[in-house]
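To start, the structure itself, in structure tokens.
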Amino acid sequence: MMWRLDGSGMERARLPLLLIVYTYLCSLGDCLFVTDYFTRTPRKLNAFRSFASVELFHFNVPDDTVVAVWNLITFKEQGGTFGDGCPDRNVTVYFRSGAPPVINPLQTRFPRDTIVPGSFAVTLTWTLPNRTTGVFNVTSPLPGDWFLAAHLPKDEGKISVKGLSEECQYLFQPQLIVQRLIGISVLYPGYYIDQMIPDHNRSVLYKVFIPNYISKVKVQLIDCNTRNRSTEACPVLLKIRARAPPLHNSTSQDCRTVSKCELQTPLPSWEQWYYILVERYLGNVDIYFRIGVQVKDCSKPTASKGSSSSGSALNMPQSYGAAMPFSLTETLPAAGLPSLAQNGSSEPVGPGLLPEDTITYLAPTSDTNKCWPIRPTLRNELDTFSVHFYIFFGPNISIPPDKAAVFAINLMPVLDSGGVLNMELKLNASSVRGENITVFGCLNHGMPLSLSDNTTVKCESESVAGFMLSVNATSNVTKLRIPYPQTGTWYLSLRSLCATEHGFEECTNITAEVYLRSYLTPCINDCGTYGQCKLLRTNNYLYAACECKAGWDGWGCTDNSEAYSYGFQLLSTLLLCLSNLMFVPPVAIAVRSHYLLEASVYIFTMFFSTFYHACDQPGIVVFCIMEYDVLQFCDFLGSLMSVWVTVIAMARLKSIIKQVLYLLGAMSLSMALQLDRHGLWNLLGPSLFALGIMAIAWTVRTIRRRRCYPPTWKRWVFFLFPGTMIASSAVALYAFVETEENYFYIHSIWHMLIAGSVGFLLPPRAKPDGKVTPMKRRKGCGYQLCVNEHEELGLVDPGIISINSICTS
């Protein structure tokens with residue numbers, strides 16, 4: 001959609017931004033641009049613990065974008081309203097193009113052989129009590145996928161009870177505004193066209209598409225003149241950049257200082273647009289010039305260096321000897337240009353051309369020394385982020401002494417950027433026959449970097465840098481891991497060199513053999529022993545991240561600087577499990593007082609709490625007798641039922657009523673735990689309801705007996721008051737003191753206090769009912785009123801009632 005500077009209210013809010021962008025765009029030509037606007041749904045931010053706790057946002061920047069501006073909006077909420085009383089916590093936002101950012105805010109150690117890609121970071125501070133905004137702009141951003149990762153600072157790890165207080169929420173919403181040019185003139189390799197910079201423009205922008213198997217790109221500016229007057233030097237600045245318009249630090253050439261203005265880019269990125277900017281120095285004059293792009297094509301071997309030898313040397317079939325079935329010279333003339341004779345003329349073919357343009361075509365030159373045949377890999381998808389790349393006629397690779405072996409690994413767009421790219425290289429020591437041979441590998445994105453200079457071993461060019469691997473007889477195995485790799489084609493170039501006193505030289509008559517393994521995994525080493533690899537989703541984008549435990553940290557849970565020792569893990573497990581033995585005295589008291597139902601509930605709670613905590617440990621001291629979810633449900637249910645039956649027993653209700661309440665409580669608590677196991681009202685609701693029943697029962701007894709119930713002061717002083725204080729202390733510890741660091745001993749104290757309070761609060765054995773007693777009477781002497789059976793049945797006149805006998809028992 002098009003934005004106008006005098007538009008609606010939303011457009012007026014962006015007026016300062018658009019004015020800046022408009023000023024920049026007018027320097028690029030005819031000021032033809034389009035503004036696009038993208039937004040994402042606000043999401044709640046979390047304190048950083050690992051990458052699994054960050055919020056990830058995915059954007060797509062269109063081609064030909066000259067300015068991208070992210071508007072970062074953060075606001076607070078508390079209980080559905082603005083959180084003016086919430087503390088200010090800085091929000092950190094990371095930006096990366098092509099894949100999610102690999103971040104390390106806690107400065108932890110990465111696993112060995114791991115490459116850490118760079119990213120941009122912005123920290124947002126609060127300017128208003130409940131809302132703040134930030135701006136992050138990128139001039140000439142790379143097109144395609146962009147990812148934002150946002151999080152809050154790490155907190156102290158306090159364990160809060162859900163529903164106890166209104167939680168402060170920090171919501172983050174990014175918005176993207178892009179300005180992209182339209183109608184950029186397209187150049188074709190080998191063609192020279194007449195162009196000009198009008199006096200009212202500062203510069204002109206072109207783009208040219210570079211296909212595969214190009215070893216060099218050269219931009220030439222010739223026949224430069226102003227107002228039809230030739231000059232020895234052209235008063236312009238020539239810049240070039242891949243994938244996006246040039247920046248101030250892009251590769252450039254000042255044409256005023258040279259007689260022949262040329263700008264070369266060796267080893268360019270393949271299958272990418274290259275943007276060429278011609279910027280003027282002089283003002284108020286028209287500058288005329290002829291511009292062309294020359295490329296060196298390395299796709300077609302010459303007759304002197306046939307493909308058969310290279311194919312056999314690389315253990316490849318003959319069909320893989322040629323890198324392409326056709327050369328660049330056979331395809332470019334038919335690339336949509338008008339039909340031309342050699343060095344002929346034509347009508348204008350694009351914006352900015354002069355009325356009498358002449359277009360000259362020069363065939364691309366060949367450069368067979370720069371490209372080797374590239375061997376493809378077979379993609380075998382096993383699962384999400386579990387992909388193996390198999391090499392044809394591999395995995396053992398023969399590397400000849402005079403050639404490089406090049407392999408292409410294609411990562412699917414968006415789909416493969418959420419995992420880890422792994423490379424393993426192993427040298428077969430027997431193949432080098434005792435020679436001091438080193439096999440170097442260069443892995444890079446976009447184009448292969450060959451080690452052409454034998455004396456200097458490096459994996460970089462003027463524009464890009466790759467990742468180096470090396471193996472020799474001493475160290476014959478090497479690994480390389482790239483978390484969140486950029487999608488597209490990765491190239492691995494392998495070359496064998498011999499070490500001498502003067503450096504590395506080309507080996508003679510020795511073919512090294514290496515074993516190559518390339519694969520994609522969700523996490524590094526599946527996060528190790530002390531981590532869990534989690535598959536996460538943000539809208540329609542999937543990615544994986546490690547969540548560490550037992551104090552371990554880092555991207556692959558390999559940083560043990562704050563890790564728990566085995567002794568500490570064993571101690572914490574024993575404390576949490578053995579503290580449940582405090583339920584043994586309440587069980588004994590309940591059995592002695594004939595509270596058999598209550599005793600069974602306490603035994604259930606003690607059993608499942610013990611084995612739940614044995615299964616819930618973060619380290620390696622873990623023992624699970626059944627599924628974790630079942631153990632957790634039974635532990636929570638037993639804890640709530642223990643409170644429920646204890647309070648109902650204190651009410652001293654009739655047996656049938658008490659049993660009905662026990663059954664209804666068990667069913668209601670099971671339903672509540674299925675809804676929310678961590679909610680505050682799952683504990684407070686049943687407890688308050690049971691306390692209400694107890695209070696009503698005690699009040700009724702107090703009114704009937706006209707004295708306080710329970711009647712004895714000893715019961716209040718030695719049992720009810722201590723039990724209530726112990727239970728209140730346990731609840732206070734559970735709700736306000738418990739943190740992740742002190743969990744193992746605070747929660748153990750909670751177990752002991754709750755079990756101890758039950759022993760105090762459980763009422764004494766009820767006195768036997770005088771009317772119906774299941775117990776046998778004690779033997780002794782006394783009187784018993786005997787009623788005639790006939791009188792009970794109404795067969796005798798009820799007026800004649802007599803004592804028939806004195807019964808002795």
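Note on naming: chains are A, B, ... as they come in the structure tokens, residues start from 1 per chain, ligands start from 1 in the order shown.
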- Task: Please provide as an NGL selection string all residues within 9 Å of A:Phe289, with the sequence filter that same-chain residues fewer than 2 positions apart are discarded (counting only C-alpha atoms).
- Result: :A and (193-197 or 221-226 or 234 or 287 or 291)
- Which residues come within 6 Å of stretch 458-468 of chain A, counting only C-alpha atoms, excluding same-chain residues fewer than 4 positions away, as a list in words?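 My list of contacting residues is Gly441, Cys442, Leu443 and Asn444 of chain A.
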- Note on the structure: Of A:Cys168, A:Leu669, A:Met423, A:Leu56, the one sitting nearest A:Gln78 when using only C-alpha atoms is A:Cys168
- Using only C-alpha atoms, which of the listed residues (A:Ser475, A:Asn130, A:Thr699, A:Asn560) sits closest to A:Thr529?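 So, comparing all the options, the nearest one is A:Asn560.
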- Near A:Ser430, counting only C-alpha atoms, which residues have an atom at most 10 Å away, once you skip same-chain residues fewer than 3 positions from it, shown as a ChimeraX atom specification? /A:427,433-435,473,512-513
If you keep N, CA, C and O atoms, can you produce a file of those selected residues as a PDB file, in the first residue's frame?
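What ended up in out.pdb:
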ATOM      1  N   LEU A 427      39.917 -38.062   9.353  1.00  0.00           N
ATOM      2  CA  LEU A 427      40.956 -38.438   8.392  1.00  0.00           C
ATOM      3  C   LEU A 427      41.322 -39.909   8.571  1.00  0.00           C
ATOM      4  O   LEU A 427      41.536 -40.379   9.693  1.00  0.00           O
ATOM      5  N   ARG A 433      49.888 -42.420   4.264  1.00  0.00           N
ATOM      6  CA  ARG A 433      51.157 -43.164   4.191  1.00  0.00           C
ATOM      7  C   ARG A 433      52.303 -42.464   4.935  1.00  0.00           C
ATOM      8  O   ARG A 433      53.413 -42.328   4.429  1.00  0.00           O
ATOM      9  N   GLY A 434      51.983 -41.984   6.123  1.00  0.00           N
ATOM     10  CA  GLY A 434      53.008 -41.393   6.961  1.00  0.00           C
ATOM     11  C   GLY A 434      53.411 -39.988   6.609  1.00  0.00           C
ATOM     12  O   GLY A 434      54.261 -39.400   7.291  1.00  0.00           O
ATOM     13  N   GLU A 435      52.842 -39.396   5.570  1.00  0.00           N
ATOM     14  CA  GLU A 435      53.186 -38.032   5.190  1.00  0.00           C
ATOM     15  C   GLU A 435      52.489 -37.035   6.123  1.00  0.00           C
ATOM     16  O   GLU A 435      51.433 -37.318   6.701  1.00  0.00           O
ATOM     17  N   ALA A 473      47.216 -36.235  10.852  1.00  0.00           N
ATOM     18  CA  ALA A 473      47.485 -37.525  11.482  1.00  0.00           C
ATOM     19  C   ALA A 473      47.475 -37.426  12.995  1.00  0.00           C
ATOM     20  O   ALA A 473      47.130 -38.389  13.693  1.00  0.00           O
ATOM     21  N   ALA A 512      44.450 -38.139  -0.124  1.00  0.00           N
ATOM     22  CA  ALA A 512      43.966 -38.315   1.252  1.00  0.00           C
ATOM     23  C   ALA A 512      42.519 -38.778   1.228  1.00  0.00           C
ATOM     24  O   ALA A 512      41.742 -38.410   0.341  1.00  0.00           O
ATOM     25  N   GLU A 513      42.180 -39.570   2.212  1.00  0.00           N
ATOM     26  CA  GLU A 513      40.812 -40.069   2.329  1.00  0.00           C
ATOM     27  C   GLU A 513      40.237 -39.620   3.666  1.00  0.00           C
ATOM     28  O   GLU A 513      40.850 -39.810   4.720  1.00  0.00           O
TER      29      GLU A 513
END
- For each of A:Arg704, A:Lys549, A:His502, A:Arg765, take the minimum atom-to-atom distance to A:Val591, counting only C-alpha atoms, then give the residue where this is smallest. A:Arg765
